[in-house]
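Here's start.cif, which has mmCIF, C-alpha atoms:
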data_my_file
#
loop_
_atom_site.label_atom_id
_atom_site.label_comp_id
_atom_site.auth_asym_id
_atom_site.auth_seq_id
_atom_site.Cartn_x
_atom_site.Cartn_y
_atom_site.Cartn_z
CA MET A 1 0.00 0.00 0.00
CA GLU A 2 1.35 3.42 -0.95
CA LEU A 3 0.84 6.96 0.27
CA ASP A 4 -1.15 9.32 -1.93
CA VAL A 5 0.75 12.56 -2.50
CA ASN A 6 -2.35 14.07 -4.11
CA SER A 7 -4.56 13.44 -1.10
CA PRO A 8 -5.59 16.43 1.06
CA LEU A 9 -4.66 14.25 4.05
CA PRO A 10 -1.09 15.03 5.19
CA LEU A 11 1.48 12.33 4.48
CA HIS A 12 2.30 11.80 8.16
CA VAL A 13 -1.40 11.18 8.91
CA GLN A 14 -1.69 8.74 6.01
CA LEU A 15 1.44 6.95 7.23
CA LYS A 16 0.17 6.82 10.80
CA ASP A 17 -3.12 5.26 9.67
CA LEU A 18 -1.35 2.78 7.40
CA LEU A 19 1.08 1.65 10.11
CA ARG A 20 -1.74 1.39 12.62
CA SER A 21 -3.72 -0.81 10.22
CA GLU A 22 -0.74 -3.09 9.63
CA ILE A 23 -0.20 -3.42 13.38
CA LEU A 24 -3.84 -4.28 14.03
CA LEU A 25 -3.81 -6.85 11.24
CA GLY A 26 -0.67 -8.44 12.66
CA GLU A 27 1.43 -7.57 9.60
CA LEU A 28 3.87 -5.76 11.87
CA GLN A 29 4.82 -7.54 15.07
CA GLU A 30 6.95 -6.78 18.12
CA ARG A 31 8.77 -3.76 16.69
CA ILE A 32 8.42 -1.50 13.68
CA PRO A 33 11.12 -1.04 11.02
CA SER A 34 13.82 1.60 11.49
CA GLU A 35 13.35 5.19 10.33
CA ARG A 36 15.65 4.53 7.35
CA GLU A 37 13.66 1.44 6.33
CA LEU A 38 10.39 3.35 6.52
CA MET A 39 11.86 6.28 4.60
CA ASP A 40 12.99 3.94 1.81
CA ARG A 41 9.72 2.04 1.75
CA PHE A 42 7.41 5.07 1.58
CA ASN A 43 9.79 7.56 -0.04
CA VAL A 44 9.14 10.24 2.58
CA SER A 45 11.29 12.43 4.81
CA ARG A 46 12.55 11.56 8.26
CA SER A 47 10.32 14.30 9.64
CA THR A 48 7.22 12.60 8.20
CA ILE A 49 8.25 9.28 9.72
CA ARG A 50 8.83 10.84 13.13
CA GLN A 51 5.50 12.67 13.10
CA ALA A 52 3.61 9.46 12.29
CA VAL A 53 5.48 7.38 14.87
CA SER A 54 5.10 10.05 17.58
CA ALA A 55 1.35 10.14 16.99
CA LEU A 56 1.14 6.34 17.40
CA VAL A 57 3.17 6.56 20.60
CA ARG A 58 0.74 9.16 21.97
CA GLU A 59 -2.18 6.86 21.07
CA GLY A 60 -0.54 3.99 22.94
CA VAL A 61 -0.13 1.85 19.83
CA LEU A 62 3.66 2.10 19.96
CA GLU A 63 6.16 2.55 22.76
CA LYS A 64 9.74 3.71 22.57
CA ILE A 65 12.36 1.87 24.62
CA HIS A 66 15.54 3.89 25.01
CA GLY A 67 18.48 2.33 23.25
CA LYS A 68 16.42 -0.50 21.75
CA GLY A 69 13.89 0.98 19.34
CA THR A 70 10.17 1.46 18.89
CA PHE A 71 8.00 -1.50 19.81
CA ILE A 72 4.35 -2.41 19.36
CA SER A 73 2.38 -2.10 22.55
CA HIS A 74 0.14 -4.90 23.82
CA ARG A 75 -2.65 -4.89 21.24
CA PRO A 76 -6.18 -5.08 22.64
CA VAL A 77 -9.21 -6.13 20.71
CA GLU A 78 -11.12 -3.03 19.66
CA GLU A 79 -14.84 -2.70 19.19
CA TRP A 80 -16.16 0.44 17.54
CA LEU A 81 -19.08 1.78 19.52
CA GLY A 82 -22.03 2.47 17.27
CA ASN A 83 -21.72 -0.76 15.29
CA LEU A 84 -23.82 -3.80 16.12
CA SER A 85 -21.13 -6.27 15.10
CA THR A 86 -20.70 -9.92 15.95
CA TYR A 87 -17.82 -11.03 18.14
CA ASN A 88 -16.41 -13.13 15.30
CA ASN A 89 -16.39 -10.17 12.93
CA ILE A 90 -14.59 -7.97 15.45
CA ILE A 91 -11.89 -10.55 16.13
CA GLU A 92 -11.40 -11.43 12.46
CA GLU A 93 -11.04 -7.76 11.54
CA MET A 94 -8.24 -7.60 14.10
CA GLY A 95 -6.45 -10.36 12.21
CA MET A 96 -7.01 -12.96 14.93
CA LYS A 97 -8.87 -16.25 15.02
CA PRO A 98 -12.10 -16.30 17.06
CA SER A 99 -13.37 -19.38 18.85
CA THR A 100 -16.04 -20.21 21.42
CA ARG A 101 -16.67 -22.70 24.20
CA LEU A 102 -20.23 -23.30 25.33
CA LEU A 103 -20.48 -23.16 29.12
CA HIS A 104 -24.20 -23.58 29.70
CA HIS A 105 -27.59 -23.18 28.07
CA GLY A 106 -31.16 -23.80 29.13
CA VAL A 107 -34.37 -22.30 30.49
CA GLU A 108 -33.82 -20.12 33.57
CA THR A 109 -35.91 -18.03 35.95
CA MET A 110 -33.19 -16.01 37.72
CA PRO A 111 -32.31 -13.18 37.80
CA ARG A 112 -35.89 -11.98 37.61
CA GLU A 113 -35.02 -8.55 36.22
CA ILE A 114 -34.01 -10.26 32.97
CA ALA A 115 -37.60 -11.35 32.43
CA ASN A 116 -38.76 -7.77 32.90
CA THR A 117 -36.14 -6.53 30.46
CA LEU A 118 -37.23 -9.03 27.80
CA GLY A 119 -40.91 -8.41 28.49
CA VAL A 120 -41.63 -12.08 29.20
CA ASP A 121 -43.05 -14.04 32.12
CA ASP A 122 -40.73 -15.70 34.62
CA HIS A 123 -38.92 -17.95 32.15
CA PHE A 124 -36.26 -17.07 29.59
CA TYR A 125 -33.47 -18.88 27.78
CA LEU A 126 -29.80 -18.41 28.71
CA ILE A 127 -26.79 -19.15 26.50
CA GLU A 128 -23.46 -18.71 28.30
CA ARG A 129 -20.23 -18.92 26.32
CA LEU A 130 -16.52 -18.27 26.76
CA ARG A 131 -14.99 -16.30 23.89
CA TYR A 132 -11.41 -16.58 22.64
CA ALA A 133 -9.07 -14.69 20.32
CA ASP A 134 -6.11 -16.75 19.12
CA ASN A 135 -6.92 -19.26 21.90
CA VAL A 136 -6.68 -16.57 24.60
CA PRO A 137 -9.88 -16.21 26.70
CA ILE A 138 -11.26 -12.71 26.17
CA ALA A 139 -14.82 -12.62 27.44
CA ILE A 140 -17.69 -14.43 29.10
CA GLU A 141 -20.98 -13.71 27.40
CA LYS A 142 -24.41 -14.47 28.79
CA GLN A 143 -27.12 -14.02 26.18
CA TYR A 144 -30.75 -14.13 27.32
CA TYR A 145 -33.72 -14.67 24.97
CA PRO A 146 -37.45 -15.29 25.16
CA VAL A 147 -37.85 -19.05 25.57
CA GLN A 148 -39.28 -19.69 22.11
CA ILE A 149 -36.28 -17.96 20.48
CA GLY A 150 -33.78 -19.67 22.75
CA LEU A 151 -35.15 -23.13 22.02
CA LYS A 152 -34.80 -22.54 18.28
CA LEU A 153 -31.21 -21.32 18.70
CA ALA A 154 -30.41 -24.40 20.79
CA GLU A 155 -31.11 -26.59 17.76
CA PHE A 156 -27.78 -25.40 16.34
CA ASP A 157 -24.22 -26.04 17.52
CA LEU A 158 -23.75 -23.27 20.08
CA ASN A 159 -19.99 -23.83 20.16
CA THR A 160 -19.68 -22.54 16.62
CA ALA A 161 -22.90 -20.64 15.95
CA VAL A 162 -22.92 -16.91 15.23
CA LEU A 163 -26.14 -16.11 17.05
CA TYR A 164 -26.88 -12.83 15.27
CA ASP A 165 -26.61 -14.58 11.91
CA LEU A 166 -28.93 -17.34 13.12
CA LEU A 167 -31.46 -14.83 14.42
CA GLU A 168 -31.60 -12.95 11.13
CA LEU A 169 -30.94 -15.62 8.51
CA SER A 170 -32.48 -18.73 10.06
CA LEU A 171 -35.15 -17.36 12.39
CA GLY A 172 -36.08 -14.29 10.31
CA ILE A 173 -35.70 -11.89 13.25
CA LYS A 174 -34.35 -8.49 12.20
CA LEU A 175 -32.01 -6.86 14.67
CA TRP A 176 -32.63 -3.14 14.46
CA GLU A 177 -31.00 -1.25 17.31
CA ALA A 178 -29.32 -1.76 20.66
CA GLU A 179 -28.73 0.19 23.85
CA GLN A 180 -25.53 -0.61 25.70
CA ILE A 181 -24.08 0.35 29.08
CA ILE A 182 -20.38 -0.17 29.84
CA SER A 183 -19.02 -0.28 33.39
CA SER A 184 -16.13 -1.63 35.44
CA ALA A 185 -16.31 -4.34 38.09
CA GLN A 186 -14.31 -6.82 40.12
CA PRO A 187 -14.55 -10.34 38.67
CA THR A 188 -15.92 -13.28 40.61
CA GLY A 189 -13.69 -16.26 41.36
CA GLU A 190 -15.30 -18.25 38.56
CA GLU A 191 -14.78 -15.40 36.09
CA CYS A 192 -11.11 -15.15 37.09
CA ASN A 193 -10.64 -18.85 36.44
CA LEU A 194 -12.35 -18.77 33.06
CA LEU A 195 -10.58 -15.62 31.87
CA GLU A 196 -7.26 -16.68 33.42
CA ILE A 197 -6.75 -13.39 35.24
CA PRO A 198 -5.67 -12.56 38.82
CA ALA A 199 -8.33 -11.79 41.41
CA ASP A 200 -7.26 -8.16 41.83
CA THR A 201 -7.87 -7.35 38.15
CA SER A 202 -10.78 -5.17 37.09
CA VAL A 203 -12.95 -6.27 34.19
CA MET A 204 -15.18 -4.39 31.79
CA VAL A 205 -18.86 -5.27 31.95
CA PHE A 206 -21.33 -4.34 29.28
CA GLU A 207 -25.05 -4.89 29.23
CA ARG A 208 -26.90 -4.57 25.95
CA ILE A 209 -30.56 -4.77 24.98
CA THR A 210 -31.13 -5.49 21.29
CA SER A 211 -34.55 -4.85 19.74
CA ASP A 212 -36.34 -5.51 16.45
CA PRO A 213 -37.79 -2.73 14.23
CA GLU A 214 -40.99 -2.69 16.33
CA GLY A 215 -38.97 -1.99 19.47
CA THR A 216 -39.56 -5.46 20.94
CA PRO A 217 -36.55 -6.73 22.94
CA VAL A 218 -34.99 -9.76 21.27
CA GLU A 219 -31.89 -10.25 23.41
CA PHE A 220 -30.31 -9.11 26.64
CA LEU A 221 -26.57 -9.65 26.69
CA ARG A 222 -24.21 -9.34 29.64
CA GLY A 223 -20.52 -9.58 28.79
CA VAL A 224 -17.52 -9.67 31.10
CA PHE A 225 -14.35 -8.71 29.23
CA ARG A 226 -10.69 -8.74 30.14
CA SER A 227 -9.69 -5.08 30.40
CA ASP A 228 -6.15 -5.87 29.25
CA MET A 229 -7.38 -7.49 26.04
CA TYR A 230 -10.40 -5.49 24.99
CA SER A 231 -11.07 -1.81 24.38
CA PHE A 232 -13.80 0.33 22.89
CA ARG A 233 -13.29 3.19 20.46
CA ILE A 234 -15.80 5.90 19.59
CA LYS A 235 -15.60 8.86 17.25
CA LEU A 236 -16.96 12.16 18.51
CA ALA A 237 -17.63 15.35 16.60
CA ARG A 238 -18.28 18.87 17.85
CA ARG A 239 -21.00 20.56 15.86
CA LYS A 240 -21.47 24.28 16.18
CA GLY A 241 -24.77 26.04 16.27
#
For this file, write the structure as structure tokens.
Amino acid sequence: MELDVNSPLPLHVQLKDLLRSEILLGELQERIPSERELMDRFNVSRSTIRQAVSALVREGVLEKIHGKGTFISHRPVEEWLGNLSTYNNIIEEMGMKPSTRLLHHGVETMPREIANTLGVDDHFYLIERLRYADNVPIAIEKQYYPVQIGLKLAEFDLNTAVLYDLLELSLGIKLWEAEQIISSAQPTGEECNLLEIPADTSVMVFERITSDPEGTPVEFLRGVFRSDMYSFRIKLARRKG
């Protein structure tokens, strides 16, 4: 991939975005090439290289180690807020291999507030799964559905199924919008064991209600994510007037 000298976007910004993309895709690993190598590859000045690298250091993508070079920081999984994406899509876009282990599924009655959230009687269907990226445990997801939807989903292999695809393509349920809350919490002992993290580590917790075009809740999802392996990114814009 080459830089576009005719683009209104400055060369150092183009280079920063290109390097960031290669890092996220795993094309660059451990450390980035030297300034001279980057200058030769992209045919740009040393100043352009340094501007791009400095910006990535400020963003936490790169870190400079005195006397050794510029290295790639620990790369978390990123999920863009505002997109109702599947876990598999997110992980694959990061250049990693997603996988899943089914922990439990069946009809449940507790916690009762889930029934209220889904607008059903006492019973609902729970699917609990452990999510991996490159065989590293990333998250525990509990997905709650009205019983009739859950029973249909359970007819498929829940170790490999992409539930959103099943809902839309197999069950004909259109997922329209979702409301999500993100918070921080201390993990339980079981969560520490599953995620392979120490007990004093904080985790990210998100709760999401997904509805169909009529506004009827289809799913309530509660996810517990390793904070060292998962991050969220959101674009903000200031509009005057």
Query raised in the report: Hey, what's within 12 Å of range 3-6 of chain A if we count all atoms listed in the file and toss same-chain stuff fewer than 6 positions away? As a list in words, please?
Result: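 Counting only the stated atoms, we get His12, Val13, Gln14, Leu15, Lys16, Asp17, Leu18, Leu19, Leu38, Met39, Arg41, Phe42, Asn43, Val44 and Thr48 of chain A.
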Query - For Thr188 in chain A, the nearest of the candidates A:Asn159, A:Ser211, A:Asn135, A:Thr201, counting all atoms listed in the file - result: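 Ranking A:Asn159, A:Ser211, A:Asn135, A:Thr201 by distance to Thr188 in chain A, first place goes to A:Thr201.
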With a cut-off of 8 Å, could you pull out the residues of range 136-184 of chain A touching range 111-121 of chain A and give me the nearest pair of atoms for each, distance in Å to one decimal, using all atoms listed in the file, ordered by chain and ascending number, as CSV?
residue,atom,partner,partner_atom,distance
A:Tyr144,CA,A:Ile114,CA,7.6
A:Tyr145,CA,A:Leu118,CA,7.2
A:Pro146,CA,A:Val120,CA,6.6
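Distances to Leu171 in chain A were evaluated for A:Leu102, A:Ala185, A:Leu153, A:Val203 using all atoms listed in the file, and the minimum falls at A:Leu153.
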Query raised in the report: What residues come out when you apply the PyMOL selection byres ((chain A and resi 133) around 7) to this file, written as a VMD selection string?
Result: chain A and resid 91 96 to 99 132 134 to 138
Query - Reference answer for the PyMOL selection byres ((chain A and resi 143) around 8), as a list of chain:residue names - result: A:Leu126, A:Ile127, A:Glu128, A:Glu141, A:Lys142, A:Tyr144, A:Tyr145, A:Glu219, A:Phe220, A:Leu221, A:Arg222
Query raised in the report: What does the PyMOL selection byres ((chain A and resi 72) around 8) select in this file, as JSON, numbers by chain?
Result: {"A": [23, 29, 30, 31, 32, 61, 62, 63, 70, 71, 73, 74, 75]}
Same residues, C-alpha atoms, saved as a compact mmCIF listing (two decimals), keeping the file's coordinate frame:
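Below is the file selection_13.txt, written as the result:
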# COMPACT_ATOMS: atom_id res chain seq x y z
CA ILE A 23 -0.20 -3.42 13.38
CA GLN A 29 4.82 -7.54 15.07
CA GLU A 30 6.95 -6.78 18.12
CA ARG A 31 8.77 -3.76 16.69
CA ILE A 32 8.42 -1.50 13.68
CA VAL A 61 -0.13 1.85 19.83
CA LEU A 62 3.66 2.10 19.96
CA GLU A 63 6.16 2.55 22.76
CA THR A 70 10.17 1.46 18.89
CA PHE A 71 8.00 -1.50 19.81
CA SER A 73 2.38 -2.10 22.55
CA HIS A 74 0.14 -4.90 23.82
CA ARG A 75 -2.65 -4.89 21.24
Query raised in the report: Which residues come within 7 Å of range 147-150 of chain A, counting only C-alpha atoms, excluding same-chain residues fewer than 6 positions away, as number ranges by chain?
Result: A: 107, 123-125
Query raised in the report: Hey, what's within 9 Å of Ile140 in chain A if we count all atoms listed in the file and toss same-chain stuff fewer than 4 positions away? As a ChimeraX atom specification, please?
Result: /A:128-131,191,194-195,222-225
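Going from CA of Tyr87 in chain A to CA of Asp122 in chain A covers 28.6 Å.
When only C-alpha atoms are used to measure the gap to Ser184 in chain A, the shortest distance among A:Arg36, A:His104, A:His66, A:Arg226 belongs to A:Arg226.
One finds CA of Ile197 in chain A at 27.9 Å from CA of Asp157 in chain A.
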Query - Computed interatomic separation between CA of Asp212 in chain A and CA of Ile173 in chain A (Å) - result: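 Computed distance, CA of Asp212 in chain A to CA of Ile173 in chain A, equals 7.2 Å.
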